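File shown: upload.cif (mmCIF, C-alpha atoms and all ligand atoms).
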data_upload
#
loop_
_atom_site.label_atom_id
_atom_site.label_comp_id
_atom_site.auth_asym_id
_atom_site.auth_seq_id
_atom_site.Cartn_x
_atom_site.Cartn_y
_atom_site.Cartn_z
CA MET A 49 -11.43 -91.72 -20.37
CA LYS A 50 -14.29 -92.18 -17.96
CA ASN A 51 -14.47 -88.41 -17.52
CA ARG A 52 -14.67 -87.87 -21.27
CA MET A 53 -17.47 -90.41 -21.57
CA PHE A 54 -19.39 -88.58 -18.88
CA GLY A 55 -18.84 -85.30 -20.76
CA LEU A 56 -20.25 -86.75 -24.00
CA ARG A 57 -23.22 -88.24 -22.21
CA ASP A 58 -23.88 -84.92 -20.54
CA VAL A 59 -23.80 -83.04 -23.85
CA ALA A 60 -26.10 -85.64 -25.44
CA LEU A 61 -28.60 -85.30 -22.60
CA ARG A 62 -28.52 -81.53 -22.84
CA CYS A 63 -29.11 -81.71 -26.61
CA LEU A 64 -32.05 -84.03 -26.02
CA ALA A 65 -33.50 -81.67 -23.41
CA THR A 66 -33.12 -78.69 -25.77
CA TRP A 67 -34.69 -80.67 -28.61
CA ARG A 68 -37.66 -81.56 -26.39
CA TYR A 69 -37.93 -77.92 -25.40
CA ILE A 70 -37.99 -76.78 -29.02
CA GLY A 71 -40.81 -79.24 -29.53
CA SER A 72 -42.75 -77.69 -26.67
CA GLY A 73 -45.09 -74.72 -27.00
CA VAL A 74 -42.43 -72.28 -25.78
CA GLY A 75 -39.91 -73.53 -28.35
CA ILE A 76 -42.36 -73.29 -31.21
CA ALA A 77 -43.38 -69.76 -30.16
CA LEU A 78 -39.75 -68.61 -30.01
CA LEU A 79 -38.99 -70.19 -33.39
CA PHE A 80 -42.07 -68.55 -34.93
CA GLY A 81 -41.12 -65.11 -33.59
CA GLY A 82 -37.46 -65.47 -34.55
CA ALA A 83 -38.14 -66.77 -38.06
CA THR A 84 -40.68 -64.00 -38.68
CA GLY A 85 -38.13 -61.39 -37.52
CA VAL A 86 -35.59 -62.77 -40.01
CA LEU A 87 -38.22 -62.80 -42.77
CA SER A 88 -39.11 -59.16 -42.09
CA ARG A 89 -35.44 -58.16 -42.44
CA ILE A 90 -35.25 -60.05 -45.74
CA GLY A 91 -38.54 -58.40 -46.78
CA HIS A 92 -37.02 -54.93 -46.31
CA MET A 93 -34.41 -55.86 -48.90
CA HIS A 94 -36.99 -57.16 -51.41
CA PRO A 95 -39.95 -54.76 -51.54
CA LEU A 96 -41.14 -56.23 -54.85
CA TRP A 97 -41.61 -59.69 -53.30
CA ILE A 98 -43.51 -58.19 -50.39
CA GLU A 99 -45.70 -56.18 -52.78
CA GLN A 100 -46.57 -59.21 -54.90
CA TRP A 101 -46.78 -61.99 -52.35
CA TYR A 102 -47.86 -60.26 -49.19
CA SER A 103 -49.52 -56.85 -49.76
CA ARG A 104 -51.34 -57.85 -52.96
CA GLY A 105 -51.48 -61.56 -52.08
CA PHE A 106 -51.72 -63.11 -48.65
CA PHE A 107 -52.81 -59.89 -46.95
CA GLN A 108 -55.79 -59.55 -49.31
CA ILE A 109 -57.04 -63.02 -48.34
CA LEU A 110 -56.66 -62.09 -44.68
CA ARG A 111 -58.52 -58.86 -45.31
CA ILE A 112 -61.56 -60.69 -46.71
CA ALA A 113 -61.50 -63.26 -43.89
CA TRP A 114 -61.26 -60.70 -41.08
CA ASP A 115 -63.76 -58.23 -42.49
CA ASN A 116 -66.36 -60.96 -42.93
CA SER A 117 -65.88 -62.30 -39.42
CA ILE A 118 -64.72 -60.06 -36.58
CA GLY A 119 -65.35 -57.00 -38.76
CA ARG A 120 -69.06 -57.77 -38.33
CA LEU A 121 -68.92 -57.72 -34.53
CA PRO A 122 -71.21 -55.15 -32.95
CA PHE A 123 -68.30 -53.79 -30.88
CA PRO A 124 -64.63 -52.94 -31.63
CA ALA A 125 -62.38 -55.99 -31.98
CA PHE A 126 -59.86 -54.00 -29.95
CA TYR A 127 -61.82 -54.99 -26.83
CA LEU A 128 -62.08 -58.59 -28.00
CA PHE A 129 -58.28 -58.77 -28.33
CA TRP A 130 -57.69 -57.54 -24.79
CA GLY A 131 -60.42 -59.85 -23.47
CA VAL A 132 -58.69 -62.83 -25.11
CA VAL A 133 -55.29 -61.77 -23.74
CA LEU A 134 -56.71 -61.45 -20.24
CA ALA A 135 -58.52 -64.80 -20.48
CA TYR A 136 -55.32 -66.47 -21.75
CA TRP A 137 -53.25 -65.29 -18.79
CA VAL A 138 -55.92 -66.20 -16.27
CA TRP A 139 -55.99 -69.70 -17.79
CA ARG A 140 -52.18 -69.84 -17.89
CA VAL A 141 -51.85 -68.97 -14.20
CA TRP A 142 -54.68 -71.31 -13.24
CA ARG A 143 -53.25 -74.29 -15.15
CA SER A 144 -49.57 -73.65 -14.49
CA PRO A 145 -47.74 -76.75 -13.25
CA ALA A 146 -46.31 -76.68 -9.73
CA GLN A 147 -42.64 -75.57 -9.72
CA ARG A 148 -39.99 -76.69 -7.27
CA GLY A 149 -38.40 -73.61 -5.72
CA TRP A 150 -38.57 -69.91 -6.68
CA LEU A 151 -35.76 -70.20 -9.24
CA HIS A 152 -37.74 -72.68 -11.32
CA ARG A 153 -40.85 -70.55 -10.92
CA VAL A 154 -39.09 -67.38 -12.12
CA ARG A 155 -37.55 -69.25 -15.07
CA TYR A 156 -40.94 -70.72 -15.98
CA TRP A 157 -42.75 -67.36 -16.04
CA ILE A 158 -39.94 -65.57 -17.88
CA LEU A 159 -40.11 -68.23 -20.60
CA GLN A 160 -43.91 -67.97 -20.74
CA LEU A 161 -43.66 -64.20 -21.14
CA LEU A 162 -40.97 -64.54 -23.81
CA ALA A 163 -43.06 -67.07 -25.72
CA PHE A 164 -46.12 -64.84 -25.55
CA SER A 165 -44.13 -61.80 -26.77
CA ALA A 166 -42.65 -63.87 -29.62
CA VAL A 167 -46.13 -64.93 -30.77
CA ILE A 168 -47.44 -61.35 -30.62
CA PHE A 169 -44.35 -60.12 -32.50
CA GLY A 170 -44.75 -62.78 -35.21
CA LEU A 171 -48.51 -62.28 -35.54
CA PHE A 172 -48.01 -58.53 -35.89
CA TYR A 173 -46.02 -59.10 -39.09
CA TRP A 174 -48.23 -61.82 -40.57
CA MET A 175 -51.41 -59.89 -39.86
CA TRP A 176 -50.20 -56.55 -41.21
CA GLY A 177 -46.60 -55.51 -40.42
CA PHE A 178 -44.95 -56.83 -43.59
CA ASN A 179 -46.72 -54.00 -45.41
CA TYR A 180 -44.01 -51.66 -44.08
CA SER A 181 -41.65 -53.25 -46.60
CA ARG A 182 -43.86 -52.95 -49.71
CA LEU A 183 -42.88 -50.92 -52.78
CA PRO A 184 -43.04 -47.18 -51.98
CA ILE A 185 -46.40 -45.82 -53.12
CA ALA A 186 -44.82 -42.67 -54.59
CA ARG A 187 -42.88 -44.91 -56.97
CA GLN A 188 -45.99 -46.88 -57.86
CA LEU A 189 -47.88 -43.64 -58.61
CA GLY A 190 -44.96 -42.08 -60.48
CA LEU A 191 -44.81 -39.19 -57.99
CA GLN A 192 -41.57 -37.41 -57.24
CA PRO A 193 -41.88 -35.84 -53.80
CA VAL A 194 -39.20 -33.30 -52.99
CA PRO A 195 -38.84 -31.22 -49.81
CA LEU A 196 -40.56 -27.85 -50.12
CA ASP A 197 -38.48 -24.71 -49.78
CA THR A 198 -39.88 -21.89 -47.63
CA ALA A 199 -41.51 -20.07 -50.56
CA ALA A 200 -43.29 -23.23 -51.72
CA LEU A 201 -44.50 -23.97 -48.18
CA TRP A 202 -46.05 -20.51 -47.80
CA ASP A 203 -47.54 -20.84 -51.28
CA GLU A 204 -49.16 -24.08 -50.21
CA LEU A 205 -50.60 -22.48 -47.08
CA ARG A 206 -52.07 -19.55 -49.00
CA LEU A 207 -53.58 -21.82 -51.64
CA GLU A 208 -55.13 -24.18 -49.09
CA THR A 209 -56.52 -21.29 -47.03
CA LYS A 210 -58.29 -19.93 -50.10
CA VAL A 211 -59.89 -23.26 -51.03
CA LEU A 212 -60.78 -24.03 -47.42
CA ASP A 213 -62.50 -20.68 -47.05
CA SER A 214 -64.58 -21.16 -50.18
CA LEU A 215 -65.61 -24.67 -49.05
CA ARG A 216 -66.72 -23.29 -45.72
CA VAL A 217 -68.78 -20.56 -47.35
CA GLN A 218 -70.39 -23.27 -49.48
CA LEU A 219 -71.29 -25.15 -46.29
CA THR A 220 -72.42 -22.40 -43.93
CA GLY A 221 -72.67 -19.19 -45.92
CA SER A 222 -71.64 -16.26 -43.75
CA ASP A 223 -72.00 -18.15 -40.44
CA THR A 224 -68.58 -18.25 -38.78
CA THR A 225 -69.42 -20.20 -35.61
CA ALA A 226 -67.53 -23.50 -35.19
CA LEU A 227 -68.81 -26.40 -37.30
CA THR A 228 -69.75 -28.69 -34.44
CA ALA A 229 -73.43 -29.42 -35.17
CA SER A 230 -74.17 -32.95 -36.38
CA ALA A 231 -76.52 -31.59 -39.06
CA TYR A 232 -73.55 -30.93 -41.33
CA ARG A 233 -72.13 -34.45 -41.09
CA PRO A 234 -73.08 -37.35 -43.36
CA ALA A 235 -75.34 -39.83 -41.53
CA HIS A 236 -73.08 -42.81 -42.28
CA MET A 237 -69.66 -41.30 -41.84
CA GLU A 238 -67.67 -44.55 -41.73
CA ASP A 239 -69.27 -45.98 -44.90
CA THR A 240 -68.99 -42.66 -46.74
CA VAL A 241 -65.29 -42.43 -45.92
CA ARG A 242 -64.67 -46.08 -46.87
CA VAL A 243 -66.29 -45.61 -50.28
CA ALA A 244 -64.02 -42.61 -50.93
CA VAL A 245 -60.86 -44.43 -49.84
CA THR A 246 -61.57 -47.63 -51.80
CA ARG A 247 -62.53 -45.65 -54.91
CA TRP A 248 -59.22 -43.84 -54.79
CA LEU A 249 -57.28 -47.08 -54.25
CA LEU A 250 -59.01 -48.90 -57.09
CA ARG A 251 -58.58 -45.93 -59.42
CA HIS A 252 -54.84 -46.18 -58.77
CA HIS A 253 -54.75 -49.95 -59.24
CA PHE A 254 -54.36 -50.93 -55.60
CA PRO A 255 -56.49 -53.81 -54.34
CA ALA A 256 -59.20 -52.85 -51.86
CA ASN A 257 -60.68 -56.15 -50.76
CA GLY A 258 -62.74 -56.53 -47.64
CA ARG A 259 -64.42 -53.76 -45.74
CA VAL A 260 -61.99 -52.10 -43.35
CA ARG A 261 -63.70 -50.78 -40.25
CA ALA A 262 -62.83 -47.50 -38.52
CA ARG A 263 -64.83 -47.62 -35.33
CA LEU A 264 -65.13 -45.02 -32.64
CA LEU A 265 -63.39 -46.19 -29.49
CA THR A 266 -64.69 -45.24 -26.07
CA PRO A 267 -64.09 -44.15 -23.34
CA GLN A 268 -63.21 -40.78 -24.85
CA GLY A 269 -59.50 -40.05 -24.64
CA VAL A 270 -58.44 -43.71 -24.46
CA LEU A 271 -56.08 -43.16 -27.44
CA LEU A 272 -55.53 -39.42 -27.03
CA ALA A 273 -53.93 -40.09 -23.64
CA PHE A 274 -51.20 -41.85 -25.63
CA GLY A 275 -50.95 -39.07 -28.19
CA ALA A 276 -52.92 -40.85 -30.95
CA SER A 277 -56.15 -39.67 -32.59
CA GLY A 278 -56.61 -43.09 -34.10
CA LEU A 279 -54.95 -46.44 -34.41
CA TYR A 280 -54.88 -49.37 -36.78
CA TRP A 281 -54.94 -52.43 -34.58
CA PRO A 282 -53.57 -55.37 -36.59
CA PHE A 283 -54.76 -57.97 -34.05
CA GLY A 284 -58.33 -56.80 -34.52
CA ALA A 285 -57.73 -55.99 -38.22
CA GLU A 286 -59.60 -52.72 -37.83
CA GLY A 287 -59.04 -49.01 -37.48
CA ASN A 288 -60.05 -47.30 -34.27
CA VAL A 289 -60.77 -43.62 -33.83
CA ASP A 290 -60.86 -41.94 -30.45
CA ALA A 291 -64.45 -40.93 -29.68
CA GLY A 292 -63.07 -37.87 -27.87
CA LEU A 293 -62.00 -36.18 -31.12
CA HIS A 294 -63.81 -33.14 -32.44
CA PRO A 295 -66.31 -34.32 -35.11
CA LEU A 296 -64.40 -32.34 -37.77
CA GLN A 297 -61.50 -34.77 -37.24
CA TYR A 298 -63.52 -37.98 -37.72
CA ALA A 299 -63.44 -38.24 -41.52
CA PRO A 300 -59.69 -37.64 -42.07
CA VAL A 301 -58.68 -39.82 -39.12
CA MET A 302 -61.00 -42.62 -40.29
CA ALA A 303 -59.57 -42.37 -43.81
CA HIS A 304 -56.01 -42.48 -42.43
CA GLU A 305 -56.71 -45.62 -40.36
CA MET A 306 -58.52 -47.26 -43.27
CA ALA A 307 -55.50 -46.59 -45.48
CA HIS A 308 -53.44 -48.52 -42.92
CA GLY A 309 -56.08 -51.25 -43.04
CA TYR A 310 -55.86 -51.54 -46.83
CA GLY A 311 -52.17 -52.32 -46.47
CA PHE A 312 -50.05 -49.21 -45.96
CA GLY A 313 -47.71 -48.74 -43.02
CA ASP A 314 -46.15 -45.37 -43.81
CA GLU A 315 -47.77 -42.49 -41.86
CA GLY A 316 -47.14 -39.83 -44.52
CA ILE A 317 -48.67 -42.13 -47.14
CA CYS A 318 -51.78 -42.73 -45.03
CA ASN A 319 -52.15 -38.98 -44.53
CA PHE A 320 -51.77 -38.61 -48.28
CA ILE A 321 -54.40 -41.28 -49.07
CA ALA A 322 -56.75 -39.59 -46.58
CA TYR A 323 -56.21 -36.27 -48.37
CA ALA A 324 -56.34 -37.63 -51.91
CA SER A 325 -59.57 -39.55 -51.31
CA GLY A 326 -61.37 -36.69 -49.57
CA TYR A 327 -60.12 -33.33 -50.83
CA GLN A 328 -62.54 -33.21 -53.76
CA HIS A 329 -65.34 -35.16 -52.09
CA PRO A 330 -68.82 -34.31 -53.42
CA ASN A 331 -69.94 -33.85 -49.81
CA PRO A 332 -68.49 -30.42 -48.89
CA TYR A 333 -68.30 -31.37 -45.19
CA ILE A 334 -65.94 -34.28 -45.95
CA ALA A 335 -63.92 -32.14 -48.35
CA TYR A 336 -63.71 -29.35 -45.76
CA ALA A 337 -62.77 -31.67 -42.88
CA THR A 338 -60.13 -33.36 -45.05
CA ARG A 339 -58.56 -30.11 -46.17
CA LEU A 340 -58.75 -28.60 -42.69
CA THR A 341 -56.57 -31.43 -41.31
CA TYR A 342 -54.07 -30.93 -44.12
CA TRP A 343 -54.21 -27.16 -43.65
CA ARG A 344 -53.31 -27.58 -39.95
CA THR A 345 -50.25 -29.66 -40.92
CA VAL A 346 -49.10 -27.03 -43.44
CA ALA A 347 -49.77 -24.19 -40.99
CA ALA A 348 -47.81 -25.99 -38.25
CA ASN A 349 -44.86 -26.40 -40.63
CA CYS A 350 -44.95 -22.72 -41.63
CA ARG A 351 -45.13 -21.71 -37.98
CA LYS A 352 -42.18 -23.93 -37.19
CA ALA A 353 -40.19 -22.48 -40.09
CA ASP A 354 -40.81 -18.82 -39.16
CA ARG A 355 -42.98 -18.14 -36.12
CA ASN A 356 -42.66 -14.38 -36.37
CA ARG A 357 -43.73 -14.24 -40.00
CA TYR A 358 -46.65 -16.58 -39.26
CA ASN A 359 -47.88 -14.51 -36.34
CA THR A 360 -47.57 -11.13 -38.04
CA THR A 361 -48.37 -11.68 -41.71
CA PHE A 362 -50.61 -14.73 -41.71
CA ARG A 363 -52.41 -15.46 -38.46
CA PRO A 364 -54.43 -12.20 -38.26
CA PHE A 365 -55.80 -12.86 -41.74
CA ILE A 366 -57.06 -16.42 -41.23
CA PRO A 367 -60.79 -16.34 -42.14
CA ALA A 368 -62.94 -16.17 -38.98
CA GLY A 369 -64.81 -19.43 -39.59
CA ILE A 370 -61.61 -21.46 -40.03
CA ARG A 371 -60.17 -19.86 -36.90
CA GLN A 372 -63.28 -20.85 -34.92
CA ASP A 373 -63.04 -24.44 -36.15
CA VAL A 374 -59.36 -24.72 -35.25
CA ARG A 375 -60.09 -23.25 -31.83
CA ALA A 376 -62.97 -25.71 -31.29
CA ILE A 377 -60.65 -28.62 -32.19
CA GLU A 378 -57.93 -27.37 -29.84
CA THR A 379 -60.41 -26.85 -26.99
CA GLN A 380 -61.69 -30.38 -27.49
CA MET A 381 -58.11 -31.77 -27.49
CA ASP A 382 -57.27 -29.88 -24.31
CA GLN A 383 -59.80 -32.06 -22.47
CA PHE A 384 -57.59 -35.10 -23.00
CA PRO A 385 -54.01 -34.25 -22.08
CA GLU A 386 -51.38 -36.68 -23.23
CA LEU A 387 -49.51 -38.82 -20.70
CA LEU A 388 -45.71 -38.56 -20.99
CA PRO A 389 -45.63 -36.97 -24.48
CA SER A 390 -41.84 -37.04 -24.79
CA VAL A 391 -41.68 -40.75 -23.96
CA ARG A 392 -44.44 -41.46 -26.49
CA TYR A 393 -42.58 -39.41 -29.13
CA GLN A 394 -39.32 -41.28 -28.55
CA VAL A 395 -40.96 -44.70 -28.49
CA TYR A 396 -42.95 -44.16 -31.67
CA ASP A 397 -40.03 -42.45 -33.40
CA THR A 398 -37.83 -45.47 -32.64
CA TYR A 399 -40.60 -47.85 -33.73
CA LEU A 400 -41.06 -46.11 -37.11
CA LYS A 401 -37.31 -46.10 -37.72
CA SER A 402 -37.13 -49.81 -36.89
CA GLN A 403 -39.76 -50.38 -39.59
CA GLY A 404 -37.53 -48.75 -42.21
CA ILE A 405 -39.12 -45.27 -42.04
CA ASN A 406 -36.00 -43.17 -41.61
CA ALA A 407 -37.83 -39.89 -41.05
CA GLY A 408 -39.41 -41.27 -37.86
CA MET A 409 -42.09 -38.92 -36.50
CA LEU A 410 -41.39 -36.40 -39.28
CA ASN A 411 -42.94 -39.03 -41.56
CA TYR A 412 -46.40 -37.59 -40.80
CA SER A 413 -45.52 -34.30 -42.50
CA GLU A 414 -44.32 -36.00 -45.69
CA VAL A 415 -47.93 -35.65 -46.81
CA ILE A 416 -47.11 -32.06 -47.88
CA MET A 417 -44.45 -33.24 -50.33
CA LEU A 418 -46.78 -35.92 -51.70
CA VAL A 419 -49.72 -33.54 -52.16
CA ARG A 420 -47.46 -31.04 -53.89
CA ALA A 421 -46.06 -33.77 -56.15
CA MET A 422 -49.60 -34.95 -56.98
CA ARG A 423 -50.64 -31.45 -57.93
CA GLN A 424 -47.59 -30.96 -60.11
CA GLN A 425 -48.20 -34.30 -61.81
ZN ZN A 501 -51.17 -43.91 -38.73
#
Using structure tokens, write down the structure that the file contains.
Amino acid sequence: MKNRMFGLRDVALRCLATWRYIGSGVGIALLFGGATGVLSRIGHMHPLWIEQWYSRGFFQILRIAWDNSIGRLPFPAFYLFWGVVLAYWVWRVWRSPAQRGWLHRVRYWILQLLAFSAVIFGLFYWMWGFNYSRLPIARQLGLQPVPLDTAALWDELRLETKVLDSLRVQLTGSDTTALTASAYRPAHMEDTVRVAVTRWLLRHHFPANGRVRARLLTPQGVLLAFGASGLYWPFGAEGNVDAGLHPLQYAPVMAHEMAHGYGFGDEGICNFIAYASGYQHPNPYIAYATRLTYWRTVAANCRKADRNRYNTTFRPFIPAGIRQDVRAIETQMDQFPELLPSVRYQVYDTYLKSQGINAGMLNYSEVIMLVRAMRQQ
């Protein structure tokens, strides 16, 4: 009997200790992360709720708040985020209570790390990540994307080459040297791209509140080293573009990151929004740069489908100016080799799949189906 009493008392004390722990910062952080994880799973099953309450609701309020605060900073919020993280950990270590023995110390720091990760995980969803579960844009636009057969893919490449060539002639006449000079570019590239993206969104009845930034990030190659030309950083609520890109890549990459910033998670969709908002731009440089990026995706897919056919019947006939531009882009990219490309591919592929994008990395190329469907519509 005495033993049983002791057992009950022990359980009660343990419950009390756990309850106190839940009430502590670590407990709250773990609850926040866990509850947000459960909500995101539920969100995947109810895209309409996410569309109404998050993407067109709460996220729009956030957008306005961020863009009128940290969006006005004279430097990328990406740096601010890492500065805050560093300052937090310095403070944490400095103010950490003394622990008796190494076991307590290890347990303490593991819990601190877990709590921090849970907060970052939860914030990621509240600040942007729930957008992965919104209603598919193709459905909202009434598009019916279907995979292209080989004939349609080659058709697409021929068509795009023709338009691209005529745009280039419009820009430079008969000059076929690479388009690197800044004279061709609009003076306010970021604003020009944002106007195009928001116009497209509003025309298709998507909200476009705030003023999403797409800032150049230095040092050059800081993102390219990880295989990314750009990045939407939810914790800074802004798009970042690697300053090491060739200037011809700026406009489409900025538009892609802005599309993320206006509430879209899907990579193929962001490529599509970048294309749709720029392919008929009144500024021929923007139109050319937009279509050149798309052209490279189509060409890569044709090459993958039939390398021999590409090399013998297509490659020798690529107009000289386009070839020079592609070469200039590739030369520029070669300056910033990627670290561990296969690891990066696997990690990002797994990440996209965990967000409900079953195609994983192939998601980027879905832009071809969407463009085709738009044209047919
Ligand atoms: Zn992206």
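Between atom CA of A:Asp397 and atom CA of A:Gly287 the separation is 20.5 Å.
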### Query
A:Pro385, A:Pro332, A:Gly278, A:Gly149: which is nearest ligand ZN 501 (chain A), counting all atoms listed in the file?
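Once distances to ligand ZN 501 (chain A) are computed over all atoms listed in the file, the minimum belongs to A:Gly278.
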Chain A residues near ligand ZN 501 (chain A) within 10 Å, closest pair each, using all atoms listed in the file, as JSON lines:
{"residue": "A:Ala276", "atom": "CA", "partner": "A:ZN501", "partner_atom": "ZN", "distance": 8.5}
{"residue": "A:Ser277", "atom": "CA", "partner": "A:ZN501", "partner_atom": "ZN", "distance": 9.0}
{"residue": "A:Gly278", "atom": "CA", "partner": "A:ZN501", "partner_atom": "ZN", "distance": 7.2}
{"residue": "A:Leu279", "atom": "CA", "partner": "A:ZN501", "partner_atom": "ZN", "distance": 6.3}
{"residue": "A:Tyr280", "atom": "CA", "partner": "A:ZN501", "partner_atom": "ZN", "distance": 6.9}
{"residue": "A:Gly287", "atom": "CA", "partner": "A:ZN501", "partner_atom": "ZN", "distance": 9.5}
{"residue": "A:Val301", "atom": "CA", "partner": "A:ZN501", "partner_atom": "ZN", "distance": 8.6}
{"residue": "A:Ala303", "atom": "CA", "partner": "A:ZN501", "partner_atom": "ZN", "distance": 9.9}
{"residue": "A:His304", "atom": "CA", "partner": "A:ZN501", "partner_atom": "ZN", "distance": 6.3}
{"residue": "A:Glu305", "atom": "CA", "partner": "A:ZN501", "partner_atom": "ZN", "distance": 6.0}
{"residue": "A:Met306", "atom": "CA", "partner": "A:ZN501", "partner_atom": "ZN", "distance": 9.3}
{"residue": "A:Ala307", "atom": "CA", "partner": "A:ZN501", "partner_atom": "ZN", "distance": 8.5}
{"residue": "A:His308", "atom": "CA", "partner": "A:ZN501", "partner_atom": "ZN", "distance": 6.6}
{"residue": "A:Gly309", "atom": "CA", "partner": "A:ZN501", "partner_atom": "ZN", "distance": 9.8}
{"residue": "A:Phe312", "atom": "CA", "partner": "A:ZN501", "partner_atom": "ZN", "distance": 9.0}
{"residue": "A:Gly313", "atom": "CA", "partner": "A:ZN501", "partner_atom": "ZN", "distance": 7.3}
{"residue": "A:Asp314", "atom": "CA", "partner": "A:ZN501", "partner_atom": "ZN", "distance": 7.3}
{"residue": "A:Glu315", "atom": "CA", "partner": "A:ZN501", "partner_atom": "ZN", "distance": 4.8}
{"residue": "A:Gly316", "atom": "CA", "partner": "A:ZN501", "partner_atom": "ZN", "distance": 8.1}
{"residue": "A:Ile317", "atom": "CA", "partner": "A:ZN501", "partner_atom": "ZN", "distance": 9.0}
{"residue": "A:Cys318", "atom": "CA", "partner": "A:ZN501", "partner_atom": "ZN", "distance": 6.4}
{"residue": "A:Asn319", "atom": "CA", "partner": "A:ZN501", "partner_atom": "ZN", "distance": 7.7}
{"residue": "A:Asn411", "atom": "CA", "partner": "A:ZN501", "partner_atom": "ZN", "distance": 10.0}
{"residue": "A:Tyr412", "atom": "CA", "partner": "A:ZN501", "partner_atom": "ZN", "distance": 8.2}
### Message
For stretch 115-117 of chain A, find every residue with an atom within 7 Å (counting all atoms listed in the file), except residues of its own chain fewer than 2 positions away, and show them as a PyMOL selection string.
### Response
chain A and resi 111-113+119-120+258-260
### Task
Enter the distance from atom CA of A:Thr228 to atom CA of A:Leu296, in Å, rounded to one decimal.
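Spanning atom CA of A:Thr228 to atom CA of A:Leu296 is a straight-line distance of 7.3 Å.
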### Among the residues A:Arg206, A:Ala322, A:Gly275, A:Pro145, the one that comes closest to A:Tyr358 [using only C-alpha atoms]
A:Arg206
### Message
Would you pick out the contacts of A:Leu418 at 12 Å or less, using all atoms listed in the file, so that residues sharing its chain but fewer than 2 positions from it are not included, and give the list as a count of residues only?
### Response
35
### Query
Using all atoms listed in the file, which of A:Ala163, A:Glu208, A:Asn356, A:Ala235 sits nearest A:Thr338?
A:Glu208
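Computed from the coordinates, the atom CA of A:Leu64 to atom CA of A:Leu79 distance equals 17.1 Å.
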What's around A:Ala166 at 12 Å? Count only C-alpha atoms, leave out sequence neighbours fewer than 3 positions away in its own chain, and write the answer as a compact mmCIF listing (two decimals) with C-alpha atoms, keeping the file's coordinate frame.
# COMPACT_ATOMS: atom_id res chain seq x y z
CA GLY A 73 -45.09 -74.72 -27.00
CA VAL A 74 -42.43 -72.28 -25.78
CA GLY A 75 -39.91 -73.53 -28.35
CA ILE A 76 -42.36 -73.29 -31.21
CA ALA A 77 -43.38 -69.76 -30.16
CA LEU A 78 -39.75 -68.61 -30.01
CA LEU A 79 -38.99 -70.19 -33.39
CA PHE A 80 -42.07 -68.55 -34.93
CA GLY A 81 -41.12 -65.11 -33.59
CA GLY A 82 -37.46 -65.47 -34.55
CA ALA A 83 -38.14 -66.77 -38.06
CA THR A 84 -40.68 -64.00 -38.68
CA GLY A 85 -38.13 -61.39 -37.52
CA LEU A 159 -40.11 -68.23 -20.60
CA GLN A 160 -43.91 -67.97 -20.74
CA LEU A 161 -43.66 -64.20 -21.14
CA LEU A 162 -40.97 -64.54 -23.81
CA ALA A 163 -43.06 -67.07 -25.72
CA PHE A 169 -44.35 -60.12 -32.50
CA GLY A 170 -44.75 -62.78 -35.21
CA LEU A 171 -48.51 -62.28 -35.54
CA PHE A 172 -48.01 -58.53 -35.89
CA TYR A 173 -46.02 -59.10 -39.09
### Query
Which residues come within 12 Å of A:Leu219, counting all atoms listed in the file, excluding same-chain residues fewer than 6 positions away, as JSON, numbers by chain?
{"A": [212, 213, 225, 226, 227, 231, 232, 233, 330, 331, 332, 333, 334, 335, 336, 337, 369]}
